[in-house]
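Next up, coords-v9.txt (compact mmCIF, C-alpha atoms):
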# COMPACT_ATOMS: atom_id res chain seq x y z
CA MET U 28 76.39 90.20 102.71
CA ALA U 29 76.11 90.29 98.93
CA ASP U 30 72.39 91.15 99.03
CA ARG U 31 72.38 93.91 101.63
CA GLU U 32 72.44 97.58 100.74
CA LEU U 33 75.75 99.32 101.29
CA LEU U 34 75.84 101.92 104.03
CA PRO U 35 75.98 105.60 103.01
CA PRO U 36 79.18 107.27 104.20
CA PRO U 37 79.00 109.68 107.16
CA ASP U 38 78.50 113.29 106.09
CA ASP U 39 81.72 114.45 107.76
CA PRO U 40 84.80 112.85 106.12
CA LEU U 41 86.54 112.95 109.50
CA ASP U 42 83.98 110.36 110.61
CA TRP U 43 84.90 107.99 107.77
CA ALA U 44 86.64 104.72 108.53
CA PRO U 45 88.66 102.71 105.98
CA MET U 46 86.68 100.32 103.79
CA ARG U 47 87.22 96.71 104.84
CA ALA U 48 87.86 93.63 102.71
CA TYR U 49 85.42 90.76 103.09
CA ASP U 50 86.94 88.21 105.46
CA GLY U 51 84.12 85.68 105.80
CA ARG U 52 83.75 82.07 104.70
CA ARG U 53 81.59 82.59 101.63
CA ALA U 54 83.39 82.66 98.30
CA PHE U 55 82.69 85.58 95.97
CA SER U 56 84.05 85.89 92.45
CA ILE U 57 86.08 89.07 91.89
CA LYS U 58 86.17 90.10 88.24
CA ASP U 59 89.15 91.90 86.67
CA ALA U 60 91.12 91.70 89.89
CA LEU U 61 94.25 93.43 91.14
CA VAL U 62 96.47 92.00 93.87
CA GLU U 63 98.36 94.18 96.32
CA PRO U 64 100.49 93.40 99.40
CA LEU U 65 98.93 93.16 102.84
CA TRP U 66 101.14 95.32 105.05
CA SER U 67 101.27 94.92 108.81
CA GLY U 68 100.53 98.05 110.79
CA THR U 69 97.73 100.51 111.58
CA ARG U 70 95.24 101.34 108.84
CA VAL U 71 94.32 105.04 108.76
CA LEU U 72 92.70 107.67 106.60
CA ALA U 73 95.19 110.53 106.30
CA HIS U 74 93.52 113.93 105.87
CA VAL U 75 95.94 116.48 104.42
CA THR U 76 94.94 120.14 104.23
CA VAL U 77 97.45 122.74 103.03
CA THR U 78 97.00 126.46 103.68
CA PRO U 79 100.09 128.17 102.17
CA GLU U 80 99.86 131.29 104.33
CA ALA U 81 99.47 129.32 107.57
CA GLU U 82 102.24 128.13 109.89
CA PRO U 83 102.62 125.21 109.65
CA ALA U 84 101.22 125.16 106.13
CA ALA U 85 99.98 121.56 106.27
CA GLU U 86 97.40 120.26 108.74
CA ILE U 87 97.53 116.47 109.02
CA ARG U 88 95.08 114.14 110.68
CA MET U 89 95.43 110.35 110.65
CA ILE U 90 92.14 108.74 111.66
CA GLU U 91 92.33 105.09 112.68
CA PRO U 92 89.30 102.73 112.39
CA LEU U 93 87.93 103.54 115.87
CA GLY U 94 87.94 107.27 115.11
CA ALA U 95 91.05 108.43 117.01
CA ASP U 96 93.49 110.88 115.43
CA VAL U 97 96.99 109.41 115.87
CA ALA U 98 98.82 112.25 114.08
CA PRO U 99 99.82 114.06 117.31
CA GLU U 100 101.67 110.90 118.40
CA LEU U 101 103.68 110.75 115.15
CA PRO U 102 105.23 114.18 114.48
CA GLN U 103 107.93 112.86 112.12
CA LEU U 104 105.41 111.01 109.96
CA THR U 105 103.12 114.04 110.04
CA ARG U 106 105.92 116.13 108.51
CA VAL U 107 106.57 113.43 105.89
CA LEU U 108 102.93 113.47 104.78
CA GLY U 109 102.80 117.26 104.77
CA GLU U 110 105.78 117.39 102.42
CA GLY U 111 105.05 114.28 100.36
CA VAL U 112 101.34 114.66 99.49
CA LEU U 113 101.24 116.96 96.47
CA ALA U 114 97.79 118.46 96.90
CA LEU U 115 96.11 121.28 98.79
CA ASP U 116 93.47 118.86 100.05
CA ALA U 117 93.57 115.06 100.03
CA ILE U 118 92.26 112.03 101.87
CA VAL U 119 94.61 109.06 101.53
CA ASP U 120 93.90 105.52 102.70
CA GLY U 121 97.10 103.94 103.97
CA ILE U 122 98.96 101.92 106.57
CA ILE U 123 101.30 103.20 109.26
CA THR U 124 103.96 100.50 109.28
CA ARG U 125 107.55 99.88 110.31
CA GLN U 126 108.09 97.45 107.45
CA LEU U 127 109.49 100.19 105.21
CA SER U 128 112.51 100.68 107.42
CA LEU U 129 113.44 97.08 108.23
CA ASP U 130 116.35 95.50 106.35
CA GLY U 131 115.25 92.31 104.64
CA VAL U 132 111.88 92.02 106.40
CA GLY U 133 109.10 93.56 104.36
CA ALA U 134 111.42 96.14 102.85
CA ALA U 135 111.94 94.63 99.41
CA ALA U 136 110.64 96.23 96.24
CA ILE U 137 107.58 94.40 94.91
CA PRO U 138 107.98 92.49 91.63
CA GLU U 139 105.31 92.57 88.92
CA VAL U 140 104.32 90.00 86.33
CA LYS U 141 105.35 91.04 82.82
CA SER U 142 103.93 88.13 80.82
CA ARG U 143 103.80 85.13 83.18
CA PRO U 144 104.73 84.49 86.84
CA THR U 145 108.22 83.22 85.99
CA GLU U 146 109.15 86.46 84.21
CA MET U 147 109.42 89.23 86.79
CA PHE U 148 110.79 92.71 86.77
CA VAL U 149 111.02 95.18 89.64
CA ARG U 150 109.02 98.37 89.24
CA SER U 151 110.99 100.27 91.85
CA ASN U 152 114.54 101.31 91.07
CA LEU U 153 115.51 101.05 94.72
CA ASP U 154 118.10 98.32 95.23
CA PHE U 155 116.63 96.29 98.10
CA ASP U 156 117.70 92.73 98.84
CA VAL U 157 114.95 90.13 99.16
CA GLN U 158 115.45 87.81 102.12
CA PRO U 159 113.20 85.36 103.98
CA ARG U 160 111.19 86.41 107.00
CA GLY U 161 113.34 87.11 110.03
CA VAL U 162 116.67 87.31 108.20
CA ILE U 163 118.61 90.49 108.91
CA GLU U 164 121.67 91.46 106.88
CA ASP U 165 125.09 91.68 108.52
CA ARG U 166 125.27 95.36 107.67
CA ALA U 167 122.06 96.14 109.57
CA THR U 168 122.55 98.57 112.42
CA ASP U 169 121.06 98.64 115.88
CA ALA U 170 118.88 101.61 114.97
CA GLU U 171 115.24 101.22 115.94
CA PRO U 172 112.82 100.92 113.01
CA VAL U 173 110.63 103.98 112.53
CA ASP U 174 107.07 104.41 111.34
CA GLY U 175 106.49 104.90 107.64
CA PHE U 176 103.33 105.33 105.56
CA VAL U 177 102.21 103.10 102.70
CA ALA U 178 99.47 104.74 100.60
CA VAL U 179 96.95 102.32 99.07
CA ASP U 180 94.02 104.47 97.92
CA LEU U 181 92.91 108.06 97.29
CA LEU U 182 89.43 109.15 98.38
CA ARG U 183 89.48 112.89 97.72
CA ILE U 184 91.74 115.32 95.90
CA ASP U 185 91.48 119.13 96.07
CA GLY U 186 87.84 119.01 97.16
CA THR U 187 86.72 116.43 94.59
CA SER U 188 85.36 113.14 95.92
CA LEU U 189 86.74 110.00 94.28
CA LEU U 190 84.47 107.51 96.04
CA ASP U 191 82.61 106.67 92.82
CA VAL U 192 85.77 106.53 90.67
CA PRO U 193 86.96 102.98 89.79
CA LEU U 194 89.83 101.66 91.90
CA LEU U 195 92.35 101.45 89.05
CA GLU U 196 91.84 105.13 88.20
CA ARG U 197 92.09 106.10 91.89
CA LYS U 198 95.43 104.30 92.03
CA ARG U 199 96.70 106.20 88.97
CA LEU U 200 95.74 109.47 90.61
CA LEU U 201 97.35 108.36 93.89
CA GLU U 202 100.68 107.77 92.17
CA SER U 203 100.60 111.33 90.82
CA VAL U 204 99.86 112.78 94.28
CA ILE U 205 102.52 111.00 96.35
CA ALA U 206 106.18 112.04 96.23
CA PRO U 207 107.84 108.83 97.50
CA GLY U 208 110.66 108.82 100.00
CA PRO U 209 112.23 106.56 102.65
CA LEU U 210 109.15 106.80 104.88
CA LEU U 211 106.46 107.29 102.23
CA ARG U 212 105.51 105.12 99.27
CA VAL U 213 102.57 103.95 97.19
CA SER U 214 101.84 100.25 97.57
CA GLU U 215 102.41 98.21 94.42
CA HIS U 216 99.66 96.26 92.65
CA VAL U 217 99.90 93.37 90.20
CA ARG U 218 97.58 91.10 88.25
CA PRO U 219 96.65 87.54 89.26
CA PRO U 220 97.50 84.71 89.72
CA ALA U 221 97.75 85.72 93.35
CA ASP U 222 99.57 82.71 94.81
CA PRO U 223 103.10 83.50 93.51
CA TRP U 224 102.87 87.06 94.82
CA VAL U 225 101.40 86.09 98.20
CA ALA U 226 104.19 83.54 98.65
CA THR U 227 106.85 86.13 97.74
CA TRP U 228 105.36 88.83 99.94
CA LYS U 229 105.03 86.47 102.92
CA SER U 230 108.68 85.48 102.49
CA MET U 231 109.54 89.19 102.79
CA GLY U 232 107.68 89.46 106.08
CA LEU U 233 104.37 90.84 104.77
CA ALA U 234 101.07 89.37 105.97
CA GLY U 235 99.84 88.24 102.54
CA GLY U 236 97.83 90.01 99.85
CA ILE U 237 94.48 91.61 99.05
CA LEU U 238 92.47 90.82 95.94
CA LYS U 239 90.50 93.86 94.70
CA ALA U 240 88.20 94.41 91.74
CA ALA U 241 89.79 96.97 89.41
CA ASN U 242 86.38 98.61 88.93
CA SER U 243 85.43 98.67 92.63
CA ARG U 244 84.16 101.85 94.25
CA TYR U 245 85.05 102.99 97.76
CA HIS U 246 82.48 102.80 100.56
CA PRO U 247 83.89 104.39 103.75
CA SER U 248 83.10 102.63 107.03
CA ASP U 249 81.74 99.56 105.23
CA GLU U 250 82.79 96.10 104.10
CA THR U 251 82.86 94.98 100.46
CA VAL U 252 82.83 91.60 98.73
CA GLU U 253 84.85 93.20 95.91
CA TRP U 254 87.93 93.03 98.15
CA ARG U 255 89.16 89.78 99.67
CA LEU U 256 92.11 89.00 101.95
CA VAL U 257 94.55 86.35 100.69
CA LYS U 258 96.63 85.08 103.61
CA ARG U 259 96.93 81.43 102.60
CA LEU U 260 97.94 79.83 99.34
CA ASN U 261 95.46 77.69 97.43
CA ARG U 262 96.46 74.05 97.68
CA ARG U 263 95.46 72.09 94.63
CA ARG U 264 95.91 68.34 94.12
As structure tokens, how would this structure be written, given the file I've shared?
Amino acid sequence: MADRELLPPPDDPLDWAPMRAYDGRRAFSIKDALVEPLWSGTRVLAHVTVTPEAEPAAEIRMIEPLGADVAPELPQLTRVLGEGVLALDAIVDGIITRQLSLDGVGAAAIPEVKSRPTEMFVRSNLDFDVQPRGVIEDRATDAEPVDGFVAVDLLRIDGTSLLDVPLLERKRLLESVIAPGPLLRVSEHVRPPADPWVATWKSMGLAGGILKAANSRYHPSDETVEWRLVKRLNRRR
């Protein structure tokens, strides 16, 4: 895996699939890592093209890993992306998930380490309550949860490819492109150690975390050892 040559991306961006984190048994060191939540849902590449004189102005495609466009099945989320992606042309890696709209299960704002894991502050100013998995507040209604979109990466902006731009810079650009709302947000990222964050995220109902090299590039339709899933906590004697 570490020795093989990475695959070149397909020529047509609509044929791209999301880059995958390494999920094998071999251990690879990830230098200068970031940690971000592992959301449950459907991973897609959202292609947003805005033509101001057209009706509708925004054309949205959401390509899942097998190549299907799921946008026609999600008209509400399509409108959210059309209004919330502040670019004429963008490709956004993200997750279609219902965890944004659930009270107490995966809906809490993500804390970030300020100086050490015991000193936390919340980056979001939204006042969510953190509760363990499966706990629903008394004030929760019977309304069905709806699909939201969590943006995790930005692959192209206004015709400029970002595949060779380091991850941390792509994330900065992503935050400037997304106008967050109830059904649209940018996923948070923090610095290691990963275990306290994975434990907190799992208690919120998230699947765990992903460790990513801050300098990693994006290789569509391929797997990288610079990303690693963290679903279990390290157990040290």
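Note that atom CA of Val204 of chain U and atom CA of Lys58 of chain U are 27.2 Å apart.
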Close residues, Glu100 of chain U itself excluded, 12 Å, all atoms listed in the file, min 3 positions apart in chain, as a PyMOL selection string: chain U and resi 87-90+95-97+103-106+123+174
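Here atom CA of Ala60 of chain U and atom CA of Arg259 of chain U stand 17.3 Å from one another.
Among the candidates U:Ala117, U:Val71, U:Leu210, U:Val107, the one nearest to Leu93 of chain U when counting only C-alpha atoms is U:Val71.
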Pick from U:Val112, U:Arg255, U:Leu61, U:Ile122 nearest to Val217 of chain U, counting all atoms listed in the file: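 Going through U:Val112, U:Arg255, U:Leu61, U:Ile122 one by one, the smallest distance to Val217 of chain U is for U:Leu61.
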Between U:Gly109, U:Pro99, U:Pro37, U:Gly94, which has the minimum distance to Pro79 of chain U (counting only C-alpha atoms)? U:Gly109
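The gap separating atom CA of Leu113 of chain U from atom CA of Val179 of chain U is 15.5 Å, in Å to one decimal.
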Using all atoms listed in the file, which of U:Gly121, U:Thr76, U:Leu238, U:Tyr245 sits nearest Asp191 of chain U? U:Tyr245
Do a neighbour search on Leu41 of chain U at 8 Å with only C-alpha atoms, toss out local chain neighbours closer than 2 positions, and write the hits as a PyMOL selection string. chain U and resi 39+43+74+90
Let me see the file: selected residues, C-alpha atoms, as a PDB file, in the frame of the given file.
ATOM      1  CA  ASP U  39      81.720 114.450 107.760  1.00  0.00           C
ATOM      2  CA  TRP U  43      84.900 107.990 107.770  1.00  0.00           C
ATOM      3  CA  HIS U  74      93.520 113.930 105.870  1.00  0.00           C
ATOM      4  CA  ILE U  90      92.140 108.740 111.660  1.00  0.00           C
TER       5      ILE U  90
END
Nearest to Asp42 of chain U by atom-to-atom distance, counting all atoms listed in the file, from U:Pro247, U:Arg183, U:Ser67, U:Glu196: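 Counting all atoms listed in the file, the residue closest to Asp42 of chain U is U:Pro247.
The point (87.6, 90.3, 102.2) has these residues within 9 Å of it, counting all atoms listed in the file: Arg47, Ala48, Tyr49, Asp50, Gly51, Ile237, Leu238, Lys239, Glu250, Thr251, Val252, Glu253, Trp254, Arg255, Leu256 and Val257 of chain U.
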Nearest to Pro219 of chain U among U:Val173, U:Pro92, U:Ala240, U:Leu182, with distances taken over only C-alpha atoms: which residue is it?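 When distances to Pro219 of chain U are compared using only C-alpha atoms, the smallest one comes from U:Ala240.
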Using only C-alpha atoms, which protein or nucleic acid residues come within 8 Å of Ala221 of chain U? Drop anything in the same chain fewer than 2 positions from it, and give the result as a VMD selection string. chain U and resid 62 218 to 219 223 to 225 236 238
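All residues of protein, DNA or RNA that reach within 6 Å of Pro193 of chain U, judged by only C-alpha atoms and not counting those fewer than 6 positions away in the chain, are Asn242, Ser243 and Arg244 of chain U.
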Near Gly235 of chain U, within 7 Å and counting all atoms listed in the file, which residues show up once chain neighbours fewer than 2 positions away are dropped, as a list in words?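 The contact residues come out as Pro64, Leu65, Val225, Trp228, Lys229, Leu233, Val257 and Lys258 of chain U.
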Residues of the last selection are to be written out with C-alpha atoms, as an mmCIF file, in the frame of the given file.
data_model
loop_
_atom_site.group_PDB
_atom_site.id
_atom_site.type_symbol
_atom_site.label_atom_id
_atom_site.label_comp_id
_atom_site.auth_asym_id
_atom_site.auth_seq_id
_atom_site.Cartn_x
_atom_site.Cartn_y
_atom_site.Cartn_z
ATOM 1 C CA PRO U 64 100.490 93.400 99.400
ATOM 2 C CA LEU U 65 98.930 93.160 102.840
ATOM 3 C CA VAL U 225 101.400 86.090 98.200
ATOM 4 C CA TRP U 228 105.360 88.830 99.940
ATOM 5 C CA LYS U 229 105.030 86.470 102.920
ATOM 6 C CA LEU U 233 104.370 90.840 104.770
ATOM 7 C CA VAL U 257 94.550 86.350 100.690
ATOM 8 C CA LYS U 258 96.630 85.080 103.610
#
